[in-house]
$ cat final15.txt   # compact mmCIF, C-alpha atoms
# COMPACT_ATOMS: atom_id res chain seq x y z
CA MET A 1 -76.75 87.82 44.76
CA SER A 2 -74.79 90.60 46.33
CA SER A 3 -71.15 91.48 46.77
CA VAL A 4 -69.05 94.13 48.42
CA LEU A 5 -68.83 96.15 45.19
CA THR A 6 -72.55 96.03 44.38
CA THR A 7 -73.38 96.90 47.99
CA LEU A 8 -70.96 99.81 47.83
CA GLU A 9 -72.55 100.86 44.54
CA ALA A 10 -76.01 100.97 46.18
CA THR A 11 -74.65 103.05 49.04
CA ILE A 12 -72.93 105.46 46.69
CA LEU A 13 -76.01 105.89 44.49
CA ALA A 14 -78.16 106.55 47.57
CA ARG A 15 -75.83 109.42 48.50
CA ARG A 16 -75.92 111.00 45.04
CA GLY A 17 -77.41 114.45 45.23
CA GLY A 18 -77.06 114.39 49.01
CA ASP A 19 -75.38 116.95 51.25
CA PRO A 20 -71.74 117.41 50.11
CA ASP A 21 -70.82 118.34 53.68
CA ALA A 22 -72.15 115.05 55.03
CA SER A 23 -70.72 112.58 52.52
CA TYR A 24 -67.50 112.22 50.54
CA ALA A 25 -69.40 110.46 47.74
CA ALA A 26 -71.92 113.32 47.49
CA ARG A 27 -69.05 115.81 47.43
CA LEU A 28 -67.23 113.93 44.68
CA PHE A 29 -70.40 113.58 42.55
CA ALA A 30 -70.91 117.34 42.91
CA ALA A 31 -67.32 117.98 41.77
CA GLY A 32 -68.08 116.21 38.50
CA ARG A 33 -66.77 113.39 36.35
CA PRO A 34 -63.32 114.84 35.51
CA LYS A 35 -62.60 115.10 39.26
CA ILE A 36 -63.81 111.53 39.90
CA ALA A 37 -61.70 110.28 36.99
CA GLN A 38 -58.70 112.20 38.34
CA LYS A 39 -59.09 110.50 41.73
CA LEU A 40 -59.25 107.08 40.04
CA GLY A 41 -56.03 107.86 38.17
CA GLU A 42 -54.30 109.05 41.34
CA GLU A 43 -55.29 105.94 43.29
CA ALA A 44 -53.98 103.75 40.46
CA VAL A 45 -50.63 105.54 40.64
CA GLU A 46 -50.53 105.01 44.40
CA THR A 47 -51.38 101.32 43.97
CA VAL A 48 -48.56 100.94 41.44
CA ILE A 49 -46.08 102.58 43.83
CA ALA A 50 -47.26 100.59 46.87
CA SER A 51 -46.94 97.33 44.92
CA LEU A 52 -43.31 98.11 44.05
CA SER A 53 -42.51 98.92 47.69
CA GLY A 54 -43.72 95.44 48.66
CA ASP A 55 -45.68 96.80 51.64
CA ALA A 56 -48.76 94.53 51.80
CA ALA A 57 -50.72 96.84 54.13
CA ALA A 58 -50.14 99.80 51.80
CA VAL A 59 -51.17 97.70 48.78
CA THR A 60 -54.37 96.65 50.57
CA GLY A 61 -55.27 100.24 51.44
CA GLU A 62 -54.50 101.68 48.01
CA ALA A 63 -56.35 98.87 46.21
CA ALA A 64 -59.41 99.55 48.40
CA ASP A 65 -59.21 103.24 47.49
CA LEU A 66 -58.91 102.31 43.82
CA LEU A 67 -62.01 100.07 43.97
CA PHE A 68 -63.97 102.78 45.78
CA HIS A 69 -63.19 105.40 43.14
CA LEU A 70 -63.78 102.95 40.28
CA THR A 71 -67.24 102.26 41.72
CA MET A 72 -67.84 106.02 41.97
CA LEU A 73 -66.75 106.57 38.35
CA LEU A 74 -68.95 103.72 37.08
CA ALA A 75 -71.91 105.15 39.00
CA ASP A 76 -71.31 108.58 37.49
CA CYS A 77 -71.14 107.02 34.00
CA GLY A 78 -74.37 105.08 34.56
CA VAL A 79 -72.53 101.76 34.14
CA PRO A 80 -73.71 99.12 36.64
CA VAL A 81 -70.90 97.30 38.48
CA ALA A 82 -72.74 94.08 37.61
CA ASN A 83 -72.14 94.74 33.89
CA VAL A 84 -68.40 95.12 34.47
CA LEU A 85 -68.26 91.93 36.54
CA ALA A 86 -70.26 90.10 33.85
CA GLU A 87 -67.82 91.34 31.20
CA LEU A 88 -64.91 90.20 33.37
CA GLU A 89 -66.46 86.72 33.68
CA ARG A 90 -67.22 86.57 29.97
CA ARG A 91 -63.67 87.56 28.95
CA GLN A 92 -61.91 85.25 31.31
CA GLY A 93 -64.37 82.40 31.03
CA VAL A 94 -64.00 82.41 34.80
CA SER A 95 -66.79 79.94 35.66
CA GLY A 96 -65.46 76.92 33.77
CA ILE A 97 -61.78 77.56 34.31
CA ALA A 98 -62.26 78.23 38.01
CA GLU A 99 -64.07 74.92 38.41
CA LYS A 100 -61.10 73.15 36.91
CA ALA A 101 -58.77 75.15 39.15
CA ALA A 102 -60.85 74.14 42.19
CA ARG A 103 -60.70 70.48 41.15
CA LYS A 104 -56.95 70.70 40.74
CA ALA A 105 -56.64 72.29 44.19
CA GLY A 106 -59.08 69.77 45.79
CA MET B 1 -69.18 83.07 49.89
CA SER B 2 -67.66 83.67 46.49
CA SER B 3 -67.61 86.51 44.01
CA VAL B 4 -66.37 87.24 40.53
CA LEU B 5 -63.12 88.76 41.85
CA THR B 6 -62.30 85.93 44.26
CA THR B 7 -63.13 83.36 41.55
CA LEU B 8 -60.87 85.22 39.13
CA GLU B 9 -58.17 85.30 41.81
CA ALA B 10 -58.34 81.49 42.18
CA THR B 11 -58.09 81.07 38.41
CA ILE B 12 -55.12 83.41 38.19
CA LEU B 13 -53.27 81.75 41.08
CA ALA B 14 -53.84 78.33 39.47
CA ARG B 15 -52.13 79.59 36.32
CA ARG B 16 -49.11 80.98 38.15
CA GLY B 17 -45.97 79.21 37.04
CA GLY B 18 -47.86 77.67 34.13
CA ASP B 19 -46.95 77.77 30.45
CA PRO B 20 -46.54 81.42 29.35
CA ASP B 21 -47.56 80.42 25.83
CA ALA B 22 -50.89 78.99 27.02
CA SER B 23 -52.03 81.74 29.41
CA TYR B 24 -51.87 85.53 29.53
CA ALA B 25 -51.78 85.41 33.33
CA ALA B 26 -48.81 83.01 33.33
CA ARG B 27 -47.03 85.26 30.81
CA LEU B 28 -47.65 88.38 32.91
CA PHE B 29 -46.48 86.69 36.14
CA ALA B 30 -43.31 85.65 34.30
CA ALA B 31 -42.75 89.25 33.15
CA GLY B 32 -42.62 90.36 36.78
CA ARG B 33 -44.25 92.84 39.11
CA PRO B 34 -43.10 96.09 37.42
CA LYS B 35 -44.75 94.89 34.18
CA ILE B 36 -47.98 93.92 35.99
CA ALA B 37 -48.01 97.29 37.76
CA GLN B 38 -47.42 99.04 34.42
CA LYS B 39 -50.43 97.27 32.91
CA LEU B 40 -52.59 98.32 35.88
CA GLY B 41 -51.51 101.93 35.38
CA GLU B 42 -52.22 101.78 31.65
CA GLU B 43 -55.70 100.33 32.16
CA ALA B 44 -56.46 103.06 34.70
CA VAL B 45 -55.49 105.71 32.13
CA GLU B 46 -57.74 104.04 29.54
CA THR B 47 -60.62 103.91 32.04
CA VAL B 48 -60.18 107.63 32.77
CA ILE B 49 -60.25 108.46 29.05
CA ALA B 50 -63.23 106.19 28.30
CA SER B 51 -65.20 107.76 31.16
CA LEU B 52 -64.65 111.24 29.73
CA SER B 53 -65.80 110.10 26.27
CA GLY B 54 -69.09 108.98 27.79
CA ASP B 55 -69.00 105.69 25.85
CA ALA B 56 -70.60 103.18 28.26
CA ALA B 57 -69.39 100.11 26.36
CA ALA B 58 -65.80 101.40 26.39
CA VAL B 59 -66.05 102.20 30.12
CA THR B 60 -67.35 98.66 30.80
CA GLY B 61 -64.50 97.06 28.87
CA GLU B 62 -61.75 99.22 30.35
CA ALA B 63 -63.07 98.79 33.89
CA ALA B 64 -63.07 95.00 33.38
CA ASP B 65 -59.44 95.20 32.19
CA LEU B 66 -58.57 97.34 35.22
CA LEU B 67 -60.14 94.82 37.63
CA PHE B 68 -58.35 91.94 35.91
CA HIS B 69 -54.93 93.59 36.25
CA LEU B 70 -55.63 94.72 39.82
CA THR B 71 -56.40 91.10 40.72
CA MET B 72 -53.15 90.04 39.00
CA LEU B 73 -51.14 92.66 40.91
CA LEU B 74 -52.69 91.69 44.24
CA ALA B 75 -51.91 88.03 43.52
CA ASP B 76 -48.31 88.89 42.71
CA CYS B 77 -48.05 90.89 45.97
CA GLY B 78 -49.55 88.01 47.99
CA VAL B 79 -52.49 90.20 49.05
CA PRO B 80 -55.80 88.27 49.03
CA VAL B 81 -58.64 90.04 47.22
CA ALA B 82 -60.77 89.22 50.28
CA ASN B 83 -58.53 91.45 52.43
CA VAL B 84 -59.03 94.37 50.06
CA LEU B 85 -62.80 93.87 50.01
CA ALA B 86 -62.83 93.63 53.81
CA GLU B 87 -60.86 96.89 54.02
CA LEU B 88 -63.30 98.50 51.60
CA GLU B 89 -66.24 97.40 53.77
CA ARG B 90 -64.52 98.56 56.93
CA ARG B 91 -63.70 102.02 55.52
CA GLN B 92 -67.07 102.69 54.05
CA GLY B 93 -69.05 101.02 56.80
CA VAL B 94 -70.93 99.53 53.88
CA SER B 95 -73.05 97.02 55.81
CA GLY B 96 -74.89 99.46 58.04
CA ILE B 97 -75.13 102.33 55.58
CA ALA B 98 -76.27 100.05 52.75
CA GLU B 99 -79.08 98.72 54.96
CA LYS B 100 -80.27 102.29 55.50
CA ALA B 101 -79.97 102.95 51.76
CA ALA B 102 -82.02 99.81 51.05
CA ARG B 103 -84.69 100.95 53.51
CA LYS B 104 -84.85 104.37 51.88
CA ALA B 105 -85.17 102.72 48.49
CA GLY B 106 -87.80 100.23 49.75
CA MET C 1 -33.89 131.36 21.15
CA SER C 2 -34.52 127.73 20.50
CA SER C 3 -34.49 124.57 22.57
CA VAL C 4 -34.86 120.84 22.07
CA LEU C 5 -38.57 120.97 22.95
CA THR C 6 -39.43 123.87 20.66
CA THR C 7 -37.42 122.29 17.85
CA LEU C 8 -39.24 119.02 18.39
CA GLU C 9 -42.53 120.96 18.38
CA ALA C 10 -41.71 122.46 14.97
CA THR C 11 -40.86 119.03 13.60
CA ILE C 12 -44.07 117.53 14.94
CA LEU C 13 -46.25 120.33 13.59
CA ALA C 14 -44.61 119.97 10.16
CA ARG C 15 -45.64 116.30 10.12
CA ARG C 16 -49.25 116.98 11.06
CA GLY C 17 -51.56 115.86 8.30
CA GLY C 18 -48.69 113.98 6.67
CA ASP C 19 -48.57 110.33 5.63
CA PRO C 20 -49.39 108.14 8.66
CA ASP C 21 -47.27 105.36 7.14
CA ALA C 22 -44.20 107.57 6.98
CA SER C 23 -44.27 109.21 10.42
CA TYR C 24 -45.21 108.15 13.95
CA ALA C 25 -46.28 111.72 14.73
CA ALA C 26 -48.61 111.83 11.69
CA ARG C 27 -50.06 108.46 12.71
CA LEU C 28 -50.66 109.60 16.30
CA PHE C 29 -52.29 112.88 15.19
CA ALA C 30 -54.58 110.84 12.93
CA ALA C 31 -55.52 108.58 15.85
CA GLY C 32 -56.84 111.58 17.73
CA ARG C 33 -56.42 113.37 21.04
CA PRO C 34 -57.72 110.59 23.36
CA LYS C 35 -55.04 108.26 21.91
CA ILE C 36 -52.29 110.89 22.30
CA ALA C 37 -53.43 111.54 25.89
CA GLN C 38 -53.43 107.79 26.55
CA LYS C 39 -49.83 107.51 25.35
CA LEU C 40 -48.80 110.41 27.62
CA GLY C 41 -50.42 108.64 30.58
CA GLU C 42 -48.71 105.36 29.73
CA GLU C 43 -45.28 106.96 29.43
CA ALA C 44 -45.79 108.68 32.80
CA VAL C 45 -46.55 105.29 34.39
CA GLU C 46 -43.41 103.84 32.80
CA THR C 47 -41.33 106.78 34.05
CA VAL C 48 -42.70 106.26 37.58
CA ILE C 49 -41.81 102.55 37.48
CA ALA C 50 -38.35 103.14 35.98
CA SER C 51 -37.57 105.74 38.66
CA LEU C 52 -38.40 103.24 41.42
CA SER C 53 -36.18 100.59 39.82
CA GLY C 54 -33.24 102.99 40.04
CA ASP C 55 -32.13 102.17 36.47
CA ALA C 56 -30.77 105.49 35.14
CA ALA C 57 -30.78 104.39 31.48
CA ALA C 58 -34.43 103.32 31.75
CA VAL C 59 -35.35 106.60 33.45
CA THR C 60 -33.61 108.56 30.68
CA GLY C 61 -35.46 106.65 27.94
CA GLU C 62 -38.87 106.84 29.57
CA ALA C 63 -38.50 110.55 30.38
CA ALA C 64 -37.59 111.19 26.71
CA ASP C 65 -40.74 109.29 25.65
CA LEU C 66 -42.79 111.29 28.14
CA LEU C 67 -41.46 114.61 26.79
CA PHE C 68 -42.11 113.51 23.20
CA HIS C 69 -45.74 112.65 23.90
CA LEU C 70 -46.28 115.77 26.02
CA THR C 71 -45.06 117.84 23.06
CA MET C 72 -47.46 115.90 20.78
CA LEU C 73 -50.39 116.49 23.15
CA LEU C 74 -49.64 120.21 23.47
CA ALA C 75 -49.44 120.49 19.66
CA ASP C 76 -52.79 118.74 19.32
CA CYS C 77 -54.31 121.13 21.90
CA GLY C 78 -52.87 124.17 20.10
CA VAL C 79 -50.82 125.10 23.17
CA PRO C 80 -47.30 126.33 22.25
CA VAL C 81 -44.48 124.69 24.24
CA ALA C 82 -43.15 128.22 24.78
CA ASN C 83 -46.29 129.08 26.77
CA VAL C 84 -45.77 126.11 29.07
CA LEU C 85 -42.09 126.98 29.59
CA ALA C 86 -43.06 130.61 30.29
CA GLU C 87 -45.62 129.44 32.85
CA LEU C 88 -43.00 127.20 34.44
CA GLU C 89 -40.60 130.13 34.73
CA ARG C 90 -43.31 132.40 36.09
CA ARG C 91 -44.38 129.90 38.78
CA GLN C 92 -40.94 129.00 39.95
CA GLY C 93 -39.48 132.47 39.57
CA VAL C 94 -36.63 130.54 38.03
CA SER C 95 -34.61 133.48 36.70
CA GLY C 96 -34.00 135.25 40.01
CA ILE C 97 -33.65 132.17 42.16
CA ALA C 98 -31.30 130.48 39.70
CA GLU C 99 -29.05 133.54 39.69
CA LYS C 100 -28.77 133.28 43.46
CA ALA C 101 -28.13 129.54 43.17
CA ALA C 102 -25.39 130.22 40.62
CA ARG C 103 -23.78 132.81 42.91
CA LYS C 104 -23.87 130.34 45.81
CA ALA C 105 -22.28 127.67 43.62
CA GLY C 106 -19.70 130.09 42.22
CA MET D 1 -26.40 126.82 26.32
CA SER D 2 -29.19 127.00 28.83
CA SER D 3 -32.89 126.37 28.80
CA VAL D 4 -35.85 126.68 31.13
CA LEU D 5 -35.60 123.02 32.16
CA THR D 6 -31.85 123.05 32.86
CA THR D 7 -32.20 126.34 34.76
CA LEU D 8 -35.04 124.82 36.79
CA GLU D 9 -32.86 121.78 37.41
CA ALA D 10 -30.06 123.97 38.81
CA THR D 11 -32.55 125.74 41.08
CA ILE D 12 -34.00 122.48 42.32
CA LEU D 13 -30.59 120.93 43.01
CA ALA D 14 -29.54 124.03 44.93
CA ARG D 15 -32.56 123.56 47.20
CA ARG D 16 -31.86 119.90 47.87
CA GLY D 17 -31.19 119.35 51.55
CA GLY D 18 -32.49 122.83 52.31
CA ASP D 19 -35.21 123.83 54.78
CA PRO D 20 -38.43 121.88 53.97
CA ASP D 21 -40.45 124.75 55.45
CA ALA D 22 -38.92 127.27 53.05
CA SER D 23 -39.08 125.36 49.76
CA TYR D 24 -41.52 122.97 48.10
CA ALA D 25 -38.62 121.26 46.30
CA ALA D 26 -36.74 120.68 49.58
CA ARG D 27 -39.93 119.30 51.13
CA LEU D 28 -40.52 116.94 48.22
CA PHE D 29 -36.90 115.69 48.22
CA ALA D 30 -37.27 115.01 51.96
CA ALA D 31 -40.48 113.03 51.32
CA GLY D 32 -38.54 110.64 49.08
CA ARG D 33 -38.61 109.22 45.59
CA PRO D 34 -41.92 107.30 45.82
CA LYS D 35 -43.67 110.57 46.76
CA ILE D 36 -41.98 112.49 43.92
CA ALA D 37 -42.93 109.71 41.48
CA GLN D 38 -46.51 109.79 42.80
CA LYS D 39 -46.72 113.53 42.13
CA LEU D 40 -45.43 113.01 38.56
CA GLY D 41 -48.10 110.39 37.98
CA GLU D 42 -50.82 112.64 39.39
CA GLU D 43 -49.79 115.59 37.23
CA ALA D 44 -49.81 113.34 34.15
CA VAL D 45 -53.38 112.29 34.96
CA GLU D 46 -54.38 115.94 35.36
CA THR D 47 -52.71 116.81 32.03
CA VAL D 48 -54.63 113.99 30.31
CA ILE D 49 -57.93 115.22 31.76
CA ALA D 50 -57.25 118.88 30.96
CA SER D 51 -56.37 117.99 27.35
CA LEU D 52 -59.71 116.21 26.91
CA SER D 53 -61.60 119.20 28.31
CA GLY D 54 -60.05 121.40 25.64
CA ASP D 55 -59.25 124.16 28.15
CA ALA D 56 -55.94 125.61 26.90
CA ALA D 57 -55.18 127.48 30.13
CA ALA D 58 -55.70 124.31 32.17
CA VAL D 59 -53.50 122.33 29.77
CA THR D 60 -50.76 124.97 30.07
CA GLY D 61 -50.86 124.89 33.87
CA GLU D 62 -50.94 121.09 34.18
CA ALA D 63 -48.15 120.64 31.62
CA ALA D 64 -46.00 123.10 33.60
CA ASP D 65 -46.68 121.10 36.78
CA LEU D 66 -45.80 117.90 34.94
CA LEU D 67 -42.48 119.34 33.73
CA PHE D 68 -41.66 120.62 37.20
CA HIS D 69 -42.21 117.23 38.81
CA LEU D 70 -40.39 115.40 36.00
CA THR D 71 -37.37 117.66 36.62
CA MET D 72 -37.63 116.88 40.36
CA LEU D 73 -37.79 113.12 39.70
CA LEU D 74 -34.81 113.23 37.32
CA ALA D 75 -32.82 115.20 39.91
CA ASP D 76 -33.68 112.63 42.59
CA CYS D 77 -32.58 109.81 40.25
CA GLY D 78 -29.31 111.58 39.43
CA VAL D 79 -30.25 111.80 35.75
CA PRO D 80 -29.28 115.17 34.20
CA VAL D 81 -32.05 116.84 32.20
CA ALA D 82 -29.43 117.36 29.46
CA ASN D 83 -29.15 113.57 29.05
CA VAL D 84 -32.89 113.25 28.53
CA LEU D 85 -32.93 116.10 26.01
CA ALA D 86 -29.95 114.53 24.20
CA GLU D 87 -31.80 111.20 24.06
CA LEU D 88 -34.89 112.98 22.74
CA GLU D 89 -32.82 114.61 19.99
CA ARG D 90 -31.08 111.35 19.15
CA ARG D 91 -34.37 109.42 18.84
CA GLN D 92 -36.18 111.98 16.80
CA GLY D 93 -33.19 113.09 14.79
CA VAL D 94 -34.62 116.51 15.52
CA SER D 95 -31.79 118.67 14.14
CA GLY D 96 -31.81 117.39 10.59
CA ILE D 97 -35.53 116.83 10.26
CA ALA D 98 -36.34 120.23 11.72
CA GLU D 99 -34.09 121.92 9.19
CA LYS D 100 -35.95 120.20 6.40
CA ALA D 101 -39.25 121.14 8.03
CA ALA D 102 -38.11 124.78 8.18
CA ARG D 103 -37.12 124.70 4.48
CA LYS D 104 -40.49 123.23 3.57
CA ALA D 105 -42.27 125.93 5.59
CA GLY D 106 -40.05 128.71 4.14

$ encode --input "final15.txt" --output "structure tokens"
Amino acid sequence: MSSVLTTLEATILARRGGDPDASYAARLFAAGRPKIAQKLGEEAVETVIASLSGDAAAVTGEAADLLFHLTMLLADCGVPVANVLAELERRQGVSGIAEKAARKAG
Amino acid sequence: MSSVLTTLEATILARRGGDPDASYAARLFAAGRPKIAQKLGEEAVETVIASLSGDAAAVTGEAADLLFHLTMLLADCGVPVANVLAELERRQGVSGIAEKAARKAG
Amino acid sequence: MSSVLTTLEATILARRGGDPDASYAARLFAAGRPKIAQKLGEEAVETVIASLSGDAAAVTGEAADLLFHLTMLLADCGVPVANVLAELERRQGVSGIAEKAARKAG
Amino acid sequence: MSSVLTTLEATILARRGGDPDASYAARLFAAGRPKIAQKLGEEAVETVIASLSGDAAAVTGEAADLLFHLTMLLADCGVPVANVLAELERRQGVSGIAEKAARKAG
């Protein structure tokens, strides 16, 4: 199984320790966790503001930036994206509920 | 193709307009976009703080909360999660680069 | 010289180590710096959202909450409010510029 | 009565509508409220991160930036700093409690 986030995670991890001049991810890893965390916080603020403006294109772009920096921060913390997605499924009981939702929609 | 986030999105959308007493998602939709955006911002702050504490379990939990509320906010804005993931792929050129990363790792 | 913020700072410091049941400040100090920092972040998000709603009363209330928690965080870090205000004056060169502004307005 | 924040407010308001090339405040006003709110959010994130690093000089600098951008946002919303400080006093009952705190400390 693969997904956009786990693929991105693999890409990001492959760039770790690479040339900071050649890759944004390598540069951000080199800057350290407080800087990565700061970027995550900034992108969240921008997502909040875009959502209140009602501009769908801006929301899409800011949410993508937020997911990118969340994946970076998880990588820096040694937390696999798969663990976060598993926790999300566990909390929401997504599997079962989504099946019901699909049946309702079908 | 499906993924945890798109499955969660379907679940959330199925709950929209439902009984606020029976579902957190229904309650949050009823509270309105500023409240959903506020929750996203708060979870981002908690993710930042957990990452700096170095507690992997806390990071996992906060990141899951962040993804849940991001999916809620996107749903409220009418932005499909798939569009955000497509934008993320487009920006990072994930497909091609990830293939190279996989080859390096292989 | 005194000001609302330095007076608040004195009050807060006097409550430090006090009964958590009797004072919000004592309770927040007992919870620790990550919790105080989290509250600051949350109040900033609420101030951002209130400002975009254009509700002056909400902005006033959220900004007051933000200043309260900033004063708490500074106290916990051992940074005097006076130092922050001095830095603010130094950066903006407030004294001189404000004199000119006053003359223009006069 | 005057204070650093109200003096800064007067300076900022005097620059409103001025040359964006000559003044950061004029430039930020011209960029609009969402941009000012974004800067406030970013400075709050940086203050949170600095506080967790325990670097007093960084905390001082970030807190000064936060206060500057809060004053800008209040000015853009037409909310006088004095109103926020009055609300802060009202909520905390600063005057009376501080007197007692001073007597205790004396």

$ closest_residue --input "final15.txt" --among "A:Ala50, A:Ala64, A:Met72, A:Ala57" --to "chain B" --atoms "all atoms listed in the file"
A:Ala64

$ closest_atom_pairs --input "final15.txt" --of "region 6-62 of chain C" --to "region 31-48 of chain B" --cutoff "8 Å" --atoms "only C-alpha atoms" --output "Markdown table"
| residue | atom | partner | partner_atom | distance |
| --- | --- | --- | --- | --- |
| C:Gln38 | CA | B:Val45 | CA | 6.3 |
| C:Gly41 | CA | B:Val45 | CA | 6.1 |
| C:Glu42 | CA | B:Glu42 | CA | 5.4 |
| C:Val45 | CA | B:Gly41 | CA | 6.1 |
| C:Glu46 | CA | B:Gln38 | CA | 6.5 |
| C:Ile49 | CA | B:Pro34 | CA | 6.6 |

$ closest_residue --input "final15.txt" --among "D:Ser53, D:Thr11, D:Gln92, D:Ser23" --to "chain B" --atoms "all atoms listed in the file"
D:Ser53

$ calpha_fit_and_write --input "final15.txt" --fixed "chain C" --moving "chain D" --output "short mmCIF file (atom, residue, chain, number, x, y, z; two decimals) with C-alpha atoms, in the coordinates of the input"
data_model
loop_
_atom_site.label_atom_id
_atom_site.label_comp_id
_atom_site.auth_asym_id
_atom_site.auth_seq_id
_atom_site.Cartn_x
_atom_site.Cartn_y
_atom_site.Cartn_z
CA MET D 1 -33.93 131.35 21.05
CA SER D 2 -34.53 127.69 20.42
CA SER D 3 -34.50 124.56 22.49
CA VAL D 4 -34.88 120.83 22.01
CA LEU D 5 -38.58 120.95 22.90
CA THR D 6 -39.46 123.87 20.61
CA THR D 7 -37.45 122.29 17.78
CA LEU D 8 -39.29 119.01 18.35
CA GLU D 9 -42.56 120.94 18.34
CA ALA D 10 -41.74 122.46 14.93
CA THR D 11 -40.90 119.01 13.57
CA ILE D 12 -44.09 117.51 14.91
CA LEU D 13 -46.29 120.31 13.55
CA ALA D 14 -44.66 119.96 10.14
CA ARG D 15 -45.68 116.29 10.11
CA ARG D 16 -49.28 116.98 11.06
CA GLY D 17 -51.60 115.84 8.30
CA GLY D 18 -48.74 113.97 6.66
CA ASP D 19 -48.62 110.30 5.63
CA PRO D 20 -49.44 108.11 8.68
CA ASP D 21 -47.34 105.33 7.15
CA ALA D 22 -44.25 107.54 6.98
CA SER D 23 -44.33 109.19 10.41
CA TYR D 24 -45.25 108.13 13.94
CA ALA D 25 -46.33 111.71 14.74
CA ALA D 26 -48.67 111.82 11.71
CA ARG D 27 -50.11 108.45 12.74
CA LEU D 28 -50.69 109.60 16.30
CA PHE D 29 -52.33 112.88 15.21
CA ALA D 30 -54.63 110.83 12.95
CA ALA D 31 -55.56 108.57 15.89
CA GLY D 32 -56.87 111.59 17.79
CA ARG D 33 -56.44 113.37 21.09
CA PRO D 34 -57.71 110.59 23.40
CA LYS D 35 -55.05 108.26 21.95
CA ILE D 36 -52.30 110.89 22.32
CA ALA D 37 -53.42 111.54 25.91
CA GLN D 38 -53.42 107.78 26.58
CA LYS D 39 -49.83 107.51 25.36
CA LEU D 40 -48.79 110.41 27.64
CA GLY D 41 -50.38 108.66 30.59
CA GLU D 42 -48.68 105.37 29.74
CA GLU D 43 -45.26 106.98 29.42
CA ALA D 44 -45.75 108.69 32.80
CA VAL D 45 -46.50 105.31 34.38
CA GLU D 46 -43.37 103.85 32.79
CA THR D 47 -41.29 106.81 34.04
CA VAL D 48 -42.64 106.28 37.58
CA ILE D 49 -41.75 102.58 37.46
CA ALA D 50 -38.30 103.16 35.96
CA SER D 51 -37.50 105.76 38.64
CA LEU D 52 -38.33 103.26 41.40
CA SER D 53 -36.10 100.61 39.80
CA GLY D 54 -33.17 103.01 39.98
CA ASP D 55 -32.08 102.19 36.42
CA ALA D 56 -30.74 105.52 35.08
CA ALA D 57 -30.76 104.42 31.44
CA ALA D 58 -34.39 103.33 31.71
CA VAL D 59 -35.31 106.61 33.41
CA THR D 60 -33.58 108.56 30.62
CA GLY D 61 -35.43 106.65 27.90
CA GLU D 62 -38.87 106.85 29.55
CA ALA D 63 -38.47 110.56 30.35
CA ALA D 64 -37.60 111.21 26.68
CA ASP D 65 -40.74 109.30 25.63
CA LEU D 66 -42.78 111.30 28.12
CA LEU D 67 -41.47 114.61 26.76
CA PHE D 68 -42.12 113.52 23.19
CA HIS D 69 -45.74 112.63 23.90
CA LEU D 70 -46.28 115.77 26.01
CA THR D 71 -45.07 117.85 23.04
CA MET D 72 -47.47 115.90 20.78
CA LEU D 73 -50.40 116.49 23.16
CA LEU D 74 -49.64 120.22 23.46
CA ALA D 75 -49.46 120.49 19.66
CA ASP D 76 -52.82 118.73 19.33
CA CYS D 77 -54.33 121.12 21.91
CA GLY D 78 -52.91 124.17 20.12
CA VAL D 79 -50.83 125.10 23.17
CA PRO D 80 -47.32 126.32 22.23
CA VAL D 81 -44.51 124.69 24.20
CA ALA D 82 -43.16 128.23 24.74
CA ASN D 83 -46.30 129.09 26.74
CA VAL D 84 -45.76 126.12 29.04
CA LEU D 85 -42.09 126.99 29.54
CA ALA D 86 -43.05 130.62 30.24
CA GLU D 87 -45.60 129.45 32.82
CA LEU D 88 -42.95 127.20 34.38
CA GLU D 89 -40.56 130.15 34.65
CA ARG D 90 -43.26 132.42 36.03
CA ARG D 91 -44.28 129.92 38.74
CA GLN D 92 -40.82 129.05 39.86
CA GLY D 93 -39.36 132.50 39.40
CA VAL D 94 -36.52 130.53 37.88
CA SER D 95 -34.43 133.42 36.52
CA GLY D 96 -33.86 135.25 39.77
CA ILE D 97 -33.62 132.24 42.03
CA ALA D 98 -31.23 130.46 39.69
CA GLU D 99 -28.92 133.45 39.68
CA LYS D 100 -28.81 133.36 43.44
CA ALA D 101 -28.26 129.61 43.34
CA ALA D 102 -25.34 130.13 40.93
CA ARG D 103 -23.81 132.78 43.23
CA LYS D 104 -24.15 130.45 46.20
CA ALA D 105 -22.48 127.63 44.24
CA GLY D 106 -19.73 129.96 42.92
#

$ atom_distance --input "final15.txt" --atom1 "CA of Val81 (chain A)" --atom2 "CA of Ala63 (chain B)"
9.2 Å

$ residues_around --input "final15.txt" --residues "Leu88 (chain B)" --least-positions-apart "2" --cutoff "9 Å" --atoms "only C-alpha atoms" --output "number ranges by chain"
A: 4-5, 8, 61, 63-65, 67-68; B: 83-86, 90-94

$ atom_distance --input "final15.txt" --atom1 "CA of Gly54 (chain B)" --atom2 "CA of Leu13 (chain A)"
18.3 Å

$ closest_residue --input "final15.txt" --among "B:Asp76, B:Glu87, B:Glu9, B:Glu62" --to "Ala30 (chain B)" --atoms "only C-alpha atoms"
B:Asp76

$ atom_distance --input "final15.txt" --atom1 "CA of Ala25 (chain A)" --atom2 "CA of Ser3 (chain A)"
19.1 Å
